[in-house]
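S.K.: Pasting a structure here, questions to come.
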Amino acid sequence: MKRLFPFVLATVLTAAFPVRAESLWDEPQSETLALPVVLREKAVVASDKIRLSDLFSGLPRDKENRIVADAPSLGKDVILTADWLKKAAQKHAVDWTPADSGVSVTVIRAAREIGKEDVLPALVKELKTLGLSDNAEIILNGKNFPILIPVNAEYAVSFENIDFSPDSKVFSAQAVVKTDDETQTVDLKGKVQIFVFVPTARHALTPGQIVTEADVFMKKTPQERARRQKNTPLSELVGKEVKRAVRAGQSLTESDVRVRPMVTKGKTVTLSFVKGGIMLSAQGKALENGGLGDTVRVLNTQSKSVVRGTVTAPETIVVNGREKQ
């Protein structure tokens, strides 16, 4: 009988305390707890509406997309106060109350910015059809930039009411910015700047130095300034001698160079002239420097008269006539 006791006891207990089909040793099943509703510190919205999920986290799914207010204008923000948030939570049965009256949320409307650099290429292309020079640049004022559009929107720009002529220094136009949802018209104003390329010393040049192409670069310069500098073609500079010191970065003009002298002031030269159909020669003394083709003054050492002649070769001058007294 003693051996049967545990079995009998178990039978009695089972009869007295019926159990579920599950094992007595199974762990109890815990229910999923809902997350607390928490206010966000800041919200950035892309659409034109503010939704509950923009303001609170931990919401039931069926409340996340409920619209609570209009969003601010593109690029702007609005501050929602504790009192406003409390009323919105009550209206939509959200389990949240502000901890104090200083609680708030800043809601920012995201925007895509269109700057001057985005509009300029299309505007230049448009003005070129109206005669804008290839060496002109457009300077847009920044009064109406940036232009704001929805953050994910694609856009196209066209132009209307253009006031421009090829010889004008100013222009105006209207930029029409179109997206799928809206069209904006923006007034544009600006200046037209014409540029030219001016020969400029790459490094310091010293008197007597012969100018080479390596000594000069072409610097982009406003046309009006280049006119004041008497812009000289590069071909008229290369191969000539520097007359006076030129600084690095200084524009180079014809007044800075000369043809290397073939005749030097104070030196003896050969004078050639025609008399009675016969070519004659005489000795002279140069009274000034002169390069090939230059007209210079020379003292005829035989007649002691001053004549003028053209330099045709080193130390050689063809007399044009006697200098007037």
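Identifiers for the structure tokens are assigned positionally: chains receive A, B, ... in sequence, residues are indexed from 1 per chain, and ligands are indexed from 1 in the order shown.
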Do a neighbour search on stretch 282-299 of chain A at 9 Å with only C-alpha atoms, toss out local chain neighbours closer than 6 positions, and write the hits as a ChimeraX atom specification.

M.R.: /A:258-273,305-315,317,319-320,323

S.K.: Next, the residues of the selection above should be written as a CSV table (one decimal), in the first residue's frame with N, CA and C atoms.

M.R.:
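Below is the file result_33.csv, written as the result:
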```
chain,number,residue,atom,x,y,z
A,258,ARG,N,58.5,99.1,-77.3
A,258,ARG,CA,58.9,99.8,-78.5
A,258,ARG,C,59.7,98.7,-79.3
A,259,VAL,N,59.9,99.0,-80.6
A,259,VAL,CA,60.7,98.2,-81.4
A,259,VAL,C,62.1,98.3,-80.9
A,260,ARG,N,62.9,97.2,-80.8
A,260,ARG,CA,64.2,97.3,-80.3
A,260,ARG,C,65.0,98.3,-81.2
A,261,PRO,N,65.7,99.3,-80.6
A,261,PRO,CA,66.4,100.2,-81.5
A,261,PRO,C,67.5,99.6,-82.4
A,262,MET,N,67.5,100.0,-83.7
A,262,MET,CA,68.5,99.7,-84.6
A,262,MET,C,69.5,100.9,-84.7
A,263,VAL,N,69.0,102.0,-84.1
A,263,VAL,CA,69.8,103.2,-84.1
A,263,VAL,C,69.8,103.7,-82.7
A,264,THR,N,70.9,104.0,-82.1
A,264,THR,CA,71.0,104.4,-80.7
A,264,THR,C,71.5,105.9,-80.6
A,265,LYS,N,70.8,106.6,-79.8
A,265,LYS,CA,71.1,108.0,-79.7
A,265,LYS,C,72.6,108.2,-79.3
A,266,GLY,N,73.3,109.2,-80.1
A,266,GLY,CA,74.7,109.5,-79.8
A,266,GLY,C,75.7,108.6,-80.6
A,267,LYS,N,75.2,107.6,-81.2
A,267,LYS,CA,76.0,106.7,-82.0
A,267,LYS,C,76.2,107.1,-83.5
A,268,THR,N,77.3,106.7,-84.1
A,268,THR,CA,77.5,107.1,-85.5
A,268,THR,C,76.6,106.2,-86.4
A,269,VAL,N,76.0,106.8,-87.4
A,269,VAL,CA,75.2,106.0,-88.3
A,269,VAL,C,75.6,106.4,-89.7
A,270,THR,N,75.2,105.6,-90.7
A,270,THR,CA,75.4,105.8,-92.1
A,270,THR,C,74.1,106.5,-92.7
A,271,LEU,N,74.3,107.6,-93.3
A,271,LEU,CA,73.2,108.3,-93.9
A,271,LEU,C,73.2,108.0,-95.4
A,272,SER,N,72.0,107.7,-96.0
A,272,SER,CA,71.9,107.4,-97.4
A,272,SER,C,70.9,108.4,-98.0
A,273,PHE,N,71.2,109.0,-99.1
A,273,PHE,CA,70.2,109.9,-99.7
A,273,PHE,C,70.5,110.0,-101.2
A,305,SER,N,74.2,119.9,-90.6
A,305,SER,CA,72.8,120.2,-90.6
A,305,SER,C,72.0,119.0,-90.0
A,306,VAL,N,70.9,119.3,-89.4
A,306,VAL,CA,70.0,118.2,-88.8
A,306,VAL,C,69.0,117.7,-89.9
A,307,VAL,N,69.0,116.5,-90.1
A,307,VAL,CA,68.1,115.9,-91.1
A,307,VAL,C,67.2,114.8,-90.4
A,308,ARG,N,66.1,114.5,-91.1
A,308,ARG,CA,65.2,113.4,-90.6
A,308,ARG,C,65.3,112.3,-91.6
A,309,GLY,N,65.3,111.0,-91.1
A,309,GLY,CA,65.3,109.9,-92.0
A,309,GLY,C,64.7,108.7,-91.4
A,310,THR,N,64.5,107.6,-92.2
A,310,THR,CA,63.9,106.4,-91.8
A,310,THR,C,64.9,105.3,-91.5
A,311,VAL,N,64.7,104.6,-90.4
A,311,VAL,CA,65.7,103.5,-90.0
A,311,VAL,C,65.3,102.3,-90.9
A,312,THR,N,66.3,101.9,-91.7
A,312,THR,CA,66.1,100.8,-92.6
A,312,THR,C,66.9,99.5,-92.3
A,313,ALA,N,67.9,99.7,-91.4
A,313,ALA,CA,68.8,98.6,-91.0
A,313,ALA,C,69.6,99.1,-89.8
A,314,PRO,N,70.3,98.2,-89.1
A,314,PRO,CA,71.1,98.7,-88.0
A,314,PRO,C,72.1,99.8,-88.4
A,315,GLU,N,72.1,100.9,-87.7
A,315,GLU,CA,72.9,102.0,-87.9
A,315,GLU,C,72.8,102.6,-89.3
A,317,ILE,N,70.3,104.9,-92.0
A,317,ILE,CA,69.1,105.8,-92.1
A,317,ILE,C,69.0,106.3,-93.5
A,319,VAL,N,67.7,109.3,-95.6
A,319,VAL,CA,67.3,110.7,-95.3
A,319,VAL,C,66.1,111.0,-96.1
A,320,ASN,N,65.1,111.6,-95.4
A,320,ASN,CA,63.9,112.1,-96.0
A,320,ASN,C,64.0,113.6,-96.4
A,323,GLU,N,65.7,118.9,-91.5
A,323,GLU,CA,64.7,119.4,-90.5
A,323,GLU,C,64.5,120.9,-90.7
```

S.K.: List the spatial neighbours of stretch 222-226 of chain A as an MDAnalysis selection string - criterion: any atom at most 12 Å away, only C-alpha atoms, same-chain residues fewer than 2 positions off excluded.

M.R.: chainID A and resid 135:137 169 192:200 218:220 228:233 251:253

S.K.: Out of stretch 212-321 of chain A, which residues get helix (DSSP H, G or I) from DSSP, as a list in words?

M.R.: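 Going through stretch 212-321 of chain A, the helix (DSSP H, G or I) residues come out as Glu213, Ala214, Asp215, Gln223, Glu224, Arg225, Ala226, Arg227, Arg228, Leu234, Ser235, Glu236, Glu254, Ser255 and Asp256 of chain A.
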
S.K.: Out of stretch 63-297 of chain A, which residues get strand (DSSP E) from DSSP, as a PDB file with C-alpha atoms, in the first residue's frame?

M.R.:
```pdb
ATOM      1  CA  ILE A  67      -4.923  66.486 -40.112  1.00  0.00           C
ATOM      2  CA  VAL A  68      -4.848  69.013 -37.283  1.00  0.00           C
ATOM      3  CA  ALA A  69      -3.939  72.286 -39.079  1.00  0.00           C
ATOM      4  CA  ASP A  70      -2.620  73.927 -42.232  1.00  0.00           C
ATOM      5  CA  ASP A  77       7.635  78.090 -39.347  1.00  0.00           C
ATOM      6  CA  VAL A  78       4.912  78.267 -36.732  1.00  0.00           C
ATOM      7  CA  ILE A  79       5.022  77.656 -32.973  1.00  0.00           C
ATOM      8  CA  LEU A  80       2.180  75.570 -31.505  1.00  0.00           C
ATOM      9  CA  THR A  81       1.656  76.426 -27.818  1.00  0.00           C
ATOM     10  CA  SER A 104       5.529  73.977 -27.484  1.00  0.00           C
ATOM     11  CA  VAL A 105       6.381  72.528 -30.884  1.00  0.00           C
ATOM     12  CA  THR A 106       7.986  74.418 -33.767  1.00  0.00           C
ATOM     13  CA  VAL A 107       6.654  73.251 -37.123  1.00  0.00           C
ATOM     14  CA  ILE A 108       8.777  74.117 -40.185  1.00  0.00           C
ATOM     15  CA  ARG A 109       7.526  73.849 -43.774  1.00  0.00           C
ATOM     16  CA  ALA A 111      11.088  74.002 -49.187  1.00  0.00           C
ATOM     17  CA  ARG A 112      13.378  73.635 -52.166  1.00  0.00           C
ATOM     18  CA  GLU A 113      15.331  76.792 -52.978  1.00  0.00           C
ATOM     19  CA  ILE A 114      15.852  78.039 -56.544  1.00  0.00           C
ATOM     20  CA  ALA A 136      28.679  89.706 -71.985  1.00  0.00           C
ATOM     21  CA  GLU A 137      27.758  88.609 -68.488  1.00  0.00           C
ATOM     22  CA  ILE A 138      24.475  89.067 -66.646  1.00  0.00           C
ATOM     23  CA  ILE A 139      24.472  90.328 -63.062  1.00  0.00           C
ATOM     24  CA  LEU A 140      21.131  89.575 -61.382  1.00  0.00           C
ATOM     25  CA  ILE A 147      12.443  81.251 -55.069  1.00  0.00           C
ATOM     26  CA  LEU A 148      10.785  78.591 -52.905  1.00  0.00           C
ATOM     27  CA  ILE A 149       8.900  75.532 -54.220  1.00  0.00           C
ATOM     28  CA  PRO A 150       7.717  72.311 -52.505  1.00  0.00           C
ATOM     29  CA  ALA A 156      10.560  74.523 -65.220  1.00  0.00           C
ATOM     30  CA  VAL A 157      11.515  78.167 -65.791  1.00  0.00           C
ATOM     31  CA  SER A 158      10.436  80.397 -68.686  1.00  0.00           C
ATOM     32  CA  PHE A 159      10.544  84.171 -69.179  1.00  0.00           C
ATOM     33  CA  GLU A 160       8.003  86.838 -70.094  1.00  0.00           C
ATOM     34  CA  ASN A 161       7.895  90.622 -70.538  1.00  0.00           C
ATOM     35  CA  ILE A 162      11.621  90.933 -71.282  1.00  0.00           C
ATOM     36  CA  ASP A 163      12.912  94.503 -71.596  1.00  0.00           C
ATOM     37  CA  VAL A 170      20.301  97.008 -67.819  1.00  0.00           C
ATOM     38  CA  PHE A 171      17.409  94.607 -68.341  1.00  0.00           C
ATOM     39  CA  SER A 172      14.215  93.422 -66.686  1.00  0.00           C
ATOM     40  CA  ALA A 173      12.052  90.320 -67.131  1.00  0.00           C
ATOM     41  CA  GLN A 174       9.587  88.056 -65.370  1.00  0.00           C
ATOM     42  CA  ALA A 175      10.573  84.493 -64.516  1.00  0.00           C
ATOM     43  CA  VAL A 176       7.674  82.030 -64.633  1.00  0.00           C
ATOM     44  CA  VAL A 177       8.403  79.055 -62.344  1.00  0.00           C
ATOM     45  CA  LYS A 178       6.034  76.120 -62.890  1.00  0.00           C
ATOM     46  CA  THR A 183       2.943  78.665 -60.983  1.00  0.00           C
ATOM     47  CA  GLN A 184       4.923  81.575 -59.581  1.00  0.00           C
ATOM     48  CA  THR A 185       5.826  84.799 -61.421  1.00  0.00           C
ATOM     49  CA  VAL A 186       8.952  86.536 -60.149  1.00  0.00           C
ATOM     50  CA  ASP A 187      10.254  89.964 -61.237  1.00  0.00           C
ATOM     51  CA  LEU A 188      13.902  90.030 -62.309  1.00  0.00           C
ATOM     52  CA  LYS A 189      16.229  93.000 -62.771  1.00  0.00           C
ATOM     53  CA  GLY A 190      19.930  93.228 -63.442  1.00  0.00           C
ATOM     54  CA  LYS A 191      22.884  94.676 -65.328  1.00  0.00           C
ATOM     55  CA  VAL A 192      24.713  93.665 -68.483  1.00  0.00           C
ATOM     56  CA  GLN A 193      28.510  93.717 -68.251  1.00  0.00           C
ATOM     57  CA  ILE A 194      30.646  93.408 -71.414  1.00  0.00           C
ATOM     58  CA  PHE A 195      34.102  91.883 -70.950  1.00  0.00           C
ATOM     59  CA  VAL A 196      37.189  91.805 -73.157  1.00  0.00           C
ATOM     60  CA  PHE A 197      40.570  90.135 -72.726  1.00  0.00           C
ATOM     61  CA  VAL A 198      43.503  92.455 -72.047  1.00  0.00           C
ATOM     62  CA  PRO A 199      47.224  91.543 -72.354  1.00  0.00           C
ATOM     63  CA  THR A 200      48.611  91.477 -68.821  1.00  0.00           C
ATOM     64  CA  ALA A 201      52.118  90.908 -67.463  1.00  0.00           C
ATOM     65  CA  VAL A 216      51.846  87.736 -71.034  1.00  0.00           C
ATOM     66  CA  PHE A 217      48.374  86.291 -70.315  1.00  0.00           C
ATOM     67  CA  MET A 218      44.964  87.534 -71.411  1.00  0.00           C
ATOM     68  CA  LYS A 219      43.008  88.882 -68.448  1.00  0.00           C
ATOM     69  CA  LYS A 220      39.227  89.175 -68.465  1.00  0.00           C
ATOM     70  CA  THR A 221      38.449  92.870 -67.962  1.00  0.00           C
ATOM     71  CA  PRO A 222      35.301  95.040 -68.139  1.00  0.00           C
ATOM     72  CA  GLU A 241      61.358  95.751 -76.069  1.00  0.00           C
ATOM     73  CA  VAL A 242      60.039  96.883 -72.690  1.00  0.00           C
ATOM     74  CA  VAL A 257      57.021  98.756 -75.411  1.00  0.00           C
ATOM     75  CA  ARG A 258      58.931  99.771 -78.483  1.00  0.00           C
ATOM     76  CA  THR A 268      77.488 107.073 -85.469  1.00  0.00           C
ATOM     77  CA  VAL A 269      75.187 106.031 -88.306  1.00  0.00           C
ATOM     78  CA  THR A 270      75.362 105.841 -92.095  1.00  0.00           C
ATOM     79  CA  LEU A 271      73.185 108.343 -93.942  1.00  0.00           C
ATOM     80  CA  SER A 272      71.905 107.449 -97.415  1.00  0.00           C
ATOM     81  CA  PHE A 273      70.214 109.939 -99.724  1.00  0.00           C
ATOM     82  CA  VAL A 274      69.593 110.497-103.408  1.00  0.00           C
ATOM     83  CA  LYS A 275      71.006 113.531-105.179  1.00  0.00           C
ATOM     84  CA  ILE A 278      72.760 109.143-107.564  1.00  0.00           C
ATOM     85  CA  MET A 279      72.679 107.365-104.187  1.00  0.00           C
ATOM     86  CA  LEU A 280      75.146 109.045-101.834  1.00  0.00           C
ATOM     87  CA  SER A 281      76.313 108.142 -98.350  1.00  0.00           C
ATOM     88  CA  ALA A 282      77.586 110.217 -95.446  1.00  0.00           C
ATOM     89  CA  GLN A 283      78.330 109.880 -91.756  1.00  0.00           C
ATOM     90  CA  GLY A 284      75.926 111.122 -89.162  1.00  0.00           C
ATOM     91  CA  LYS A 285      75.199 111.121 -85.452  1.00  0.00           C
ATOM     92  CA  ALA A 286      71.857 109.862 -84.223  1.00  0.00           C
ATOM     93  CA  THR A 295      61.659 108.282 -88.349  1.00  0.00           C
ATOM     94  CA  VAL A 296      64.489 109.835 -86.357  1.00  0.00           C
ATOM     95  CA  ARG A 297      66.551 113.053 -86.233  1.00  0.00           C
TER      96      ARG A 297
END
```

S.K.: Rounded to one decimal place, report the atom CA of A:Glu64-atom CA of A:Leu52 distance in Å.

M.R.: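 Value for the atom CA of A:Glu64-atom CA of A:Leu52 distance: 5.4 Å.
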